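Next comes final15.txt, with compact mmCIF, C-alpha atoms.
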```
# COMPACT_ATOMS: atom_id res chain seq x y z
CA MET A 1 0.00 0.00 0.00
CA VAL A 2 1.32 3.47 -0.98
CA THR A 3 0.08 6.61 0.79
CA GLY A 4 -0.58 9.98 -0.78
CA ASP A 5 2.97 11.10 0.10
CA ALA A 6 4.40 8.20 -1.93
CA VAL A 7 5.41 6.27 1.21
CA PHE A 8 5.33 2.52 0.75
CA LEU A 9 3.66 0.74 3.67
CA GLY A 10 4.06 -2.98 4.16
CA LEU A 11 0.32 -3.48 4.67
CA GLN A 12 -1.88 -5.78 2.63
CA PRO A 13 -5.53 -4.68 2.35
CA ALA A 14 -8.09 -7.29 3.37
CA ARG A 15 -10.43 -8.60 0.71
CA LEU A 16 -14.15 -9.30 0.80
CA PRO A 17 -14.12 -13.00 1.90
CA SER A 18 -12.02 -12.41 5.03
CA ARG A 19 -13.88 -9.23 5.90
CA ALA A 20 -17.25 -10.95 5.42
CA LEU A 21 -16.20 -13.80 7.73
CA ALA A 22 -15.02 -11.36 10.41
CA LEU A 23 -18.24 -9.37 10.10
CA LEU A 24 -20.32 -12.54 10.40
CA LEU A 25 -18.56 -13.51 13.64
CA ASP A 26 -19.06 -10.01 15.04
CA LEU A 27 -22.76 -10.00 14.11
CA LEU A 28 -23.32 -13.39 15.72
CA VAL A 29 -21.82 -12.19 18.99
CA VAL A 30 -23.66 -8.85 18.91
CA TRP A 31 -27.05 -10.37 18.06
CA ALA A 32 -26.66 -13.03 20.75
CA VAL A 33 -25.97 -10.34 23.35
CA TYR A 34 -28.87 -8.25 22.04
CA LEU A 35 -31.32 -11.16 22.28
CA LEU A 36 -30.27 -11.92 25.83
CA ILE A 37 -30.70 -8.29 26.83
CA SER A 38 -34.07 -8.12 25.07
CA VAL A 39 -35.35 -11.18 26.94
CA GLY A 40 -34.17 -9.71 30.22
CA LEU A 41 -35.86 -6.40 29.49
CA ALA A 42 -39.10 -8.18 28.54
CA PHE A 43 -39.30 -9.72 32.01
CA ALA A 44 -38.10 -6.57 33.78
CA THR A 45 -40.50 -4.19 32.04
CA ALA A 46 -43.66 -6.31 32.19
CA SER A 47 -45.32 -3.82 34.49
CA LEU A 48 -44.42 -0.72 32.45
CA ASP A 49 -46.53 0.92 29.80
CA GLU A 50 -46.00 0.47 26.06
CA ALA A 51 -44.12 3.77 25.55
CA ALA A 52 -41.54 2.95 28.22
CA VAL A 53 -41.01 -0.53 26.80
CA MET A 54 -40.49 0.94 23.32
CA ALA A 55 -38.01 3.50 24.60
CA LEU A 56 -35.98 0.84 26.42
CA SER A 57 -36.01 -1.38 23.33
CA ILE A 58 -34.67 1.42 21.11
CA ALA A 59 -32.02 2.31 23.68
CA SER A 60 -30.85 -1.29 23.95
CA PHE A 61 -30.75 -1.59 20.13
CA VAL A 62 -28.59 1.52 19.79
CA LEU A 63 -26.29 0.67 22.68
CA VAL A 64 -25.70 -2.98 21.79
CA LEU A 65 -25.79 -3.02 17.99
CA VAL A 66 -24.19 0.39 17.40
CA GLY A 67 -22.42 1.55 20.55
CA ALA A 68 -20.78 -1.76 21.47
CA PRO A 69 -18.89 -2.20 18.14
CA ILE A 70 -17.73 1.41 18.29
CA ALA A 71 -16.45 0.99 21.84
CA VAL A 72 -14.70 -2.29 21.02
CA GLU A 73 -12.92 -0.88 17.96
CA THR A 74 -11.86 2.22 19.91
CA LEU A 75 -10.48 0.31 22.90
CA THR A 76 -8.74 -2.37 20.81
CA HIS A 77 -7.48 0.06 18.14
CA GLY A 78 -9.40 -1.59 15.33
CA ARG A 79 -9.46 -5.25 16.36
CA SER A 80 -12.90 -6.62 17.10
CA LEU A 81 -13.53 -10.25 18.00
CA GLY A 82 -14.16 -11.30 14.40
CA LYS A 83 -11.20 -9.34 13.05
CA LEU A 84 -8.95 -10.78 15.74
CA ALA A 85 -10.00 -14.31 14.77
CA CYS A 86 -9.39 -13.63 11.06
CA GLY A 87 -6.14 -11.72 11.54
CA LEU A 88 -7.52 -8.34 10.41
CA ARG A 89 -7.28 -4.85 11.80
CA VAL A 90 -8.72 -1.42 11.02
CA VAL A 91 -6.04 1.27 10.52
CA ARG A 92 -5.91 4.79 9.17
CA GLU A 93 -4.97 5.41 5.57
CA ASP A 94 -1.42 6.26 6.67
CA GLY A 95 -1.13 3.00 8.62
CA GLY A 96 -1.61 4.47 12.10
CA PRO A 97 -4.07 3.26 14.76
CA ILE A 98 -7.65 4.51 14.63
CA ARG A 99 -9.32 6.69 17.24
CA PHE A 100 -12.84 7.24 18.48
CA ARG A 101 -13.87 9.49 15.59
CA HIS A 102 -12.85 6.85 13.06
CA ALA A 103 -14.76 4.13 14.88
CA LEU A 104 -17.79 6.42 15.30
CA MET A 105 -17.98 7.17 11.58
CA ARG A 106 -17.59 3.50 10.65
CA GLY A 107 -20.27 2.47 13.15
CA ALA A 108 -22.72 5.15 12.04
CA MET A 109 -22.35 4.24 8.37
CA GLY A 110 -22.50 0.55 9.26
CA VAL A 111 -26.08 0.96 10.46
CA VAL A 112 -27.10 1.95 6.93
CA GLU A 113 -24.89 -0.24 4.77
CA ILE A 114 -24.84 -3.36 6.96
CA LEU A 115 -27.83 -3.53 9.32
CA MET A 116 -30.51 -1.87 7.18
CA THR A 117 -29.47 -3.48 3.87
CA PHE A 118 -28.26 -6.79 5.35
CA GLY A 119 -24.73 -6.06 4.15
CA PHE A 120 -25.61 -5.70 0.47
CA VAL A 121 -24.32 -2.11 0.13
CA ALA A 122 -21.14 -2.95 2.02
CA CYS A 123 -20.43 -5.96 -0.23
CA VAL A 124 -20.95 -3.93 -3.41
CA ALA A 125 -18.72 -1.11 -2.16
CA SER A 126 -15.96 -3.56 -1.18
CA LEU A 127 -16.06 -5.22 -4.59
CA VAL A 128 -15.91 -1.90 -6.42
CA SER A 129 -13.15 -0.41 -4.26
CA GLU A 130 -9.57 -1.16 -5.26
CA ARG A 131 -8.54 -1.76 -1.64
CA GLY A 132 -11.76 -3.40 -0.48
CA ARG A 133 -13.12 -0.39 1.42
CA ARG A 134 -16.78 0.06 2.27
CA ILE A 135 -18.54 3.42 2.48
CA GLY A 136 -17.82 3.75 6.20
CA ASP A 137 -14.10 3.33 5.53
CA VAL A 138 -14.19 6.01 2.82
CA PHE A 139 -15.88 8.57 5.09
CA ALA A 140 -13.73 7.68 8.12
CA GLY A 141 -10.45 7.56 6.21
CA THR A 142 -9.70 4.02 7.34
CA LEU A 143 -8.68 0.71 5.82
CA VAL A 144 -8.99 -2.91 6.91
CA VAL A 145 -5.65 -4.70 6.50
CA ARG A 146 -4.28 -8.16 7.12
CA GLU A 147 -2.30 -8.06 10.33
CA ARG A 148 -0.67 -11.50 10.10
CA VAL A 149 1.55 -10.67 7.14
CA ALA A 150 5.23 -10.47 8.11
CA SER A 151 6.25 -8.24 5.24
CA THR A 152 8.28 -5.75 7.29
CA ALA A 153 10.02 -8.17 9.64
CA GLY A 154 13.46 -7.37 8.21
CA ALA A 155 13.04 -3.57 8.23
CA VAL A 156 15.91 -1.96 10.16
CA LEU A 157 16.03 1.67 11.18
CA PRO A 158 19.12 3.47 9.82
CA PRO A 159 21.51 4.74 12.50
CA PRO A 160 21.88 8.50 12.98
CA PRO A 161 25.05 10.31 11.89
CA PRO A 162 27.88 9.91 14.41
CA TRP A 163 28.02 13.65 15.11
CA LEU A 164 24.38 13.54 16.29
CA VAL A 165 24.77 10.74 18.82
CA GLY A 166 24.07 12.03 22.33
CA ARG A 167 22.77 15.47 21.29
CA PHE A 168 19.14 14.70 22.21
CA THR A 169 19.64 13.25 25.70
CA GLY A 170 17.70 16.09 27.35
CA LEU A 171 14.76 16.00 24.93
CA ASP A 172 11.29 15.51 26.43
CA LEU A 173 9.59 12.72 24.42
CA SER A 174 6.60 12.14 26.69
CA ALA A 175 4.17 14.16 24.54
CA VAL A 176 4.96 12.39 21.25
CA PRO A 177 2.05 10.05 20.32
CA GLU A 178 2.55 6.52 19.06
CA GLY A 179 0.99 7.40 15.72
CA LEU A 180 3.74 9.93 15.01
CA TRP A 181 6.45 7.44 16.05
CA LEU A 182 4.94 4.94 13.63
CA GLU A 183 5.02 7.44 10.75
CA ILE A 184 8.64 8.38 11.52
CA ARG A 185 9.76 4.74 11.65
CA GLN A 186 8.01 3.98 8.38
CA TYR A 187 9.66 6.95 6.73
CA LEU A 188 13.15 6.06 8.02
CA THR A 189 12.91 2.44 6.90
CA ARG A 190 11.71 3.38 3.39
CA MET A 191 13.25 6.76 2.69
CA GLY A 192 15.55 5.19 0.12
CA GLN A 193 12.52 4.15 -1.95
CA LEU A 194 11.04 7.66 -2.17
CA ASP A 195 11.53 10.35 -4.73
CA PRO A 196 14.11 12.81 -3.31
CA ALA A 197 11.78 15.81 -3.47
CA ILE A 198 8.85 13.94 -1.95
CA GLY A 199 11.05 12.37 0.72
CA GLN A 200 12.51 15.74 1.73
CA ARG A 201 9.06 17.31 1.96
CA LEU A 202 7.77 14.41 4.07
CA ALA A 203 10.82 14.56 6.36
CA LYS A 204 10.29 18.28 6.93
CA ARG A 205 6.65 17.71 7.82
CA LEU A 206 7.47 14.93 10.28
CA ALA A 207 10.33 16.95 11.80
CA GLY A 208 7.99 19.92 12.28
CA GLU A 209 5.40 17.77 14.04
CA LEU A 210 8.08 16.19 16.22
CA ALA A 211 9.54 19.58 17.15
CA GLU A 212 6.06 20.84 18.01
CA ARG A 213 5.46 17.87 20.33
CA THR A 214 8.85 18.05 22.04
CA GLY A 215 9.04 21.86 22.20
CA THR A 216 12.59 21.83 20.80
CA PRO A 217 13.26 22.49 17.10
CA ALA A 218 15.96 20.76 15.11
CA PRO A 219 19.47 22.17 15.60
CA PRO A 220 20.52 24.67 12.92
CA GLY A 221 22.10 23.04 9.92
CA VAL A 222 20.83 19.52 10.76
CA PRO A 223 18.82 17.89 7.93
CA ALA A 224 15.30 16.79 8.74
CA GLY A 225 16.03 13.11 8.07
CA ALA A 226 19.11 13.13 10.32
CA TYR A 227 17.12 14.90 13.04
CA LEU A 228 14.41 12.21 12.90
CA ALA A 229 17.00 9.41 13.00
CA GLY A 230 18.76 10.99 15.99
CA VAL A 231 15.55 11.39 18.01
CA VAL A 232 14.40 7.83 17.24
CA ALA A 233 17.82 6.49 18.27
CA GLU A 234 17.57 8.43 21.54
CA ARG A 235 14.15 6.91 22.23
CA GLN A 236 15.47 3.41 21.54
CA ALA A 237 18.41 4.04 23.88
CA ARG A 238 16.02 5.13 26.65
CA ASP A 239 13.85 2.07 26.15
CA ALA A 240 16.93 -0.15 26.31
CA ARG A 241 18.12 1.49 29.53
CA ARG A 242 14.70 1.01 31.13
CA ALA A 243 14.53 -2.61 29.99
CA PHE A 244 18.00 -3.63 31.18
CA ALA A 245 18.34 -1.42 34.27
CA PRO A 246 18.84 -3.39 37.54
CA SER A 247 15.79 -3.56 39.73
CA PRO A 248 15.84 -1.88 43.19
CA VAL A 249 15.45 -5.27 44.88
CA SER A 250 18.57 -6.60 43.15
CA ALA A 251 20.58 -3.49 44.09
CA ALA A 252 19.51 -3.74 47.75
CA THR A 253 20.39 -7.42 47.79
CA ALA A 254 23.85 -6.69 46.40
CA VAL A 255 24.47 -4.03 49.07
CA ALA A 256 23.34 -6.42 51.83
CA VAL A 257 25.62 -9.17 50.53
CA SER A 258 28.56 -6.75 50.36
CA ALA A 259 27.91 -5.59 53.93
CA ALA A 260 27.66 -9.16 55.19
CA GLY A 261 30.91 -10.04 53.46
CA ALA A 262 32.65 -7.02 54.94
CA GLY A 263 31.53 -8.01 58.44
CA THR A 264 33.28 -11.38 58.23
CA VAL A 265 36.72 -9.89 57.63
CA ARG A 266 38.95 -10.08 60.71
CA SER A 267 42.22 -8.31 61.26
CA GLN A 268 45.28 -10.51 60.99
CA PRO A 269 48.17 -10.22 63.47
CA ALA A 270 51.28 -8.66 62.13
CA GLY A 271 54.10 -11.12 61.58
CA PRO A 272 57.79 -10.57 61.92
CA ALA A 273 59.56 -8.28 59.55
CA GLY A 274 60.05 -9.83 56.14
CA ALA A 275 57.67 -12.72 56.81
CA ALA A 276 54.57 -13.24 54.70
CA VAL A 277 51.27 -13.09 56.56
CA PRO A 278 48.96 -15.99 55.58
CA SER A 279 45.68 -14.96 54.00
CA GLY A 280 43.68 -17.96 55.19
CA PRO A 281 41.54 -18.11 58.35
CA THR A 282 43.39 -17.95 61.62
CA VAL A 283 42.99 -21.01 63.84
CA ALA A 284 42.90 -20.10 67.48
CA GLY A 285 45.10 -22.45 69.57
CA PRO A 286 45.74 -22.73 73.25
CA ALA A 287 48.41 -20.04 73.11
CA ALA A 288 45.87 -17.57 71.77
CA ALA A 289 43.67 -17.81 74.84
CA GLY A 290 45.15 -14.67 76.35
CA PRO A 291 48.14 -12.34 76.24
CA VAL A 292 51.47 -13.81 77.33
CA PRO A 293 52.82 -11.94 80.35
CA PRO A 294 56.38 -10.74 79.95
CA SER A 295 59.00 -12.67 81.96
CA SER A 296 60.85 -10.70 84.61
CA SER A 297 64.09 -12.66 84.06
CA VAL A 298 64.35 -11.78 80.41
CA THR A 299 65.92 -8.48 79.54
CA ALA A 300 66.67 -6.82 76.29
CA SER A 301 70.39 -6.44 77.22
CA ASP A 302 70.92 -10.22 77.38
CA PRO A 303 70.43 -11.66 73.89
CA ALA A 304 71.39 -15.13 75.03
CA SER A 305 68.57 -15.29 77.52
CA ALA A 306 65.97 -14.29 74.93
CA PRO A 307 63.47 -17.04 74.14
CA PRO A 308 63.78 -18.73 70.78
CA PRO A 309 61.33 -17.65 68.09
CA ALA A 310 58.10 -19.53 67.95
CA THR A 311 58.42 -22.32 65.38
CA GLY A 312 55.28 -24.27 66.17
CA PHE A 313 57.18 -27.19 67.76
CA ALA A 314 57.42 -27.82 71.54
CA PRO A 315 60.85 -28.93 72.90
CA PRO A 316 60.98 -32.43 74.40
CA ALA A 317 60.40 -32.67 78.14
```

Before we go any further, please render this structure as structure tokens.
Amino acid sequence: MVTGDAVFLGLQPARLPSRALALLLDLLVVWAVYLLISVGLAFATASLDEAAVMALSIASFVLVLVGAPIAVETLTHGRSLGKLACGLRVVREDGGPIRFRHALMRGAMGVVEILMTFGFVACVASLVSERGRRIGDVFAGTLVVRERVASTAGAVLPPPPPWLVGRFTGLDLSAVPEGLWLEIRQYLTRMGQLDPAIGQRLAKRLAGELAERTGTPAPPGVPAGAYLAGVVAERQARDARRAFAPSPVSAATAVAVSAAGAGTVRSQPAGPAGAAVPSGPTVAGPAAAGPVPPSSSVTASDPASAPPPATGFAPPA
């Protein structure tokens, strides 16, 4: 699929058979819920007058058959139960996720072309349309595509220029929506397939929207494509840091282990000069029970009377 800006999107539009099967599954679920609610209202409103019963019936019809599909498509970004089973999804014409206004327009037009005509108008419009769109898709600016097609699995984002690495570390990216990130990634992965003039115009538009969301324009002299690549690389770096950052529990555990290890270290007695002090654990023997009192008969002026150095062997009795 190619957008109006000549951007190639790796999306395959869904055809009539798969869309009809997804619609049939959705209608079965919706009508089953509507019948259950209608039976419950029939028992609950038996004592009411005819006008109140009619008003409740119309309200239940609108809420279940019209409001429920709109709410489901809005919350799931275009994947209802039938579309999820058939591998389909409703997207905008530029490939981005739909919003409430898109789902509202599709649901409102679906009452006419699906419920009132039993799907005849929707089938004719899908057959005539080149991309299988019904009237609701035309008015809403949407498209039903096949989601289980791995056509862009090998797409790799180009790296930014080396002189731009690290220049967007202080950029606030919290206000950038996912739809704009999707458009930027699609442009970066396929900018080599575009006409140079069209690609430059598209890059300037995306860079302007990104600068408006972040509040910081592109640096002077930086091309729009390089600016987009640098910002996307910064976002990927932040996501990687959040994904691989150590958890607080692990850090606290490491500190506790280090403290426990430090508490088990004991000071070693100093050995004689020039002798190596063993690094292993010290075994306390009988001689280590207390300090050895100095002998009164031994003086420093009599080297001969000095006791021999401790060798670990006791002299024979």

Please measure the separation of CA of Gly96 (chain A) and CA of Ala226 (chain A), giving the value in Å to one decimal.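 Going from CA of Gly96 (chain A) over to CA of Ala226 (chain A) covers 22.5 Å.
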
Can you tell me which residues surround region 212-217 of chain A at a distance of at most 7 Å, considering all atoms listed in the file, apart from same-chain residues fewer than 4 positions away, and format the answer as a list in words? Leu171, Asp172, Leu173, Ala175, Val176 and Gly208 of chain A

Rounded to one decimal, what separation in Å do you get between CA of Val165 (chain A) and CA of Asp94 (chain A)?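 According to the coordinates, CA of Val165 (chain A) and CA of Asp94 (chain A) are separated by 29.2 Å.
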
With all atoms listed in the file counted, which protein, DNA or RNA residues have an atom no more than 12 Å from (-22.9, -2.3, -0.3) in the file frame? Please answer as a PyMOL selection string. chain A and resi 16+20+109-129+132-137

Would you work out the distance separating CA of Ala140 (chain A) from CA of Arg92 (chain A), expressed in Å to one decimal? 8.4 Å

Residue contacts of Arg89 (chain A) (12 Å, only C-alpha atoms) excluding same-chain residues fewer than 3 positions away, as number ranges by chain: A: 11-14, 18-19, 22-23, 73-74, 76-86, 92, 95-98, 142-149

Using all atoms listed in the file, the shortest atom-to-atom distance to Leu182 (chain A) among A:Ala197, A:Met105, A:Leu27, A:Val91 belongs to A:Val91

Which of these residues is nearest to Gly230 (chain A), using all atoms listed in the file: A:Trp163, A:Trp181, A:Trp31, A:Phe244?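 Closest to Gly230 (chain A) of all the choices is A:Trp163.
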
Of A:Leu104, A:Leu36, A:Ala224, A:Leu48, the one sitting nearest Gly67 (chain A) when using only C-alpha atoms is A:Leu104
